[in-house]
Amino acid sequence: MAEQEKGGILETVKEGVVSAVRGVGDVASAAVDAVSGTLGTALKGVHGVTGEATALIFDTVRGVIQGAADTGQDLAKAARGIVVGVVRATRETGTETMGAISTTAGAVVKSTSEVGGDVVGAARGAVEGAIEGAKEAGLSVEEAASAAATGAVKTAGELGSAAVAQVRNAVTGTISGVKVILREPFKGEEEEKK
């Protein structure tokens, strides 16, 4: 995918979120619509979470988070809407949902960090969105919550050990009535995959 096209997605999504928030003031709905619309089109025919799909997800998430931050919105609510939108888009396109949820939660953490937002709140919002989206789509809420939590913690690792501990504490336990268990590759499992 051309770099210009990827930048175009980010800016288009950001502008759409800013306009929607200014129009209705509901960042969660704006995020759901922006993400499901953008990725619903962009992921058609993409079944796995490939490098291209990951880049599309990151650019879309980054656009939503930047738009929400620019309008002073709650990034945790935006994160929740982002993940609901991703679940809807993957169900429409046949893209692997749990991998997309994990990638999206990681993108939420990274993008929130880039704008100086509350990474911990956004990570928890991503898990709440995974639960909400899974319920809506008839998927396993436990599996979706675990995928989001794992993606958030994995990406928090890029921000340092303090961020990992804070995000881990925020995304494990019971959230929205669902017991969230972090899935980590253990030594041996990683080597078996190679």
# chains A, B, ... in the order shown; residues from 1 in each chain; ligands from 1
>>> closest_atom_pairs(of="range 47-94 of chain A", to="range 119-123 of chain A", cutoff="10 Å", atoms="only C-alpha atoms", output="tab-separated table")
residue	atom	partner	partner_atom	distance
A:Ile65	CA	A:Ala122	CA	9.7
A:Asp74	CA	A:Ala122	CA	8.7
A:Leu75	CA	A:Ala122	CA	5.7
A:Ala76	CA	A:Ala122	CA	4.0
A:Lys77	CA	A:Ala122	CA	7.6
A:Ala78	CA	A:Ala122	CA	7.8
A:Ala79	CA	A:Ala122	CA	5.6
A:Arg80	CA	A:Ala122	CA	7.8
>>> select_by_dssp(residues="range 68-183 of chain A", states="helix (DSSP H, G or I)", output="ChimeraX atom specification")
/A:68-70,75-93,97-114,119-137,141-159,161-171
>>> closest_residue(among="A:Thr41, A:Ser176, A:Gln166, A:Thr12", to="Thr95 in chain A", atoms="only C-alpha atoms")
A:Thr41
>>> closest_residue(among="A:Gly116, A:Gly45, A:Gly129, A:Gly160", to="Asp70 in chain A", atoms="only C-alpha atoms")
A:Gly116
>>> closest_residue(among="A:Thr71, A:Ser111, A:Thr103, A:Ser19", to="Thr50 in chain A", atoms="only C-alpha atoms")
A:Thr103
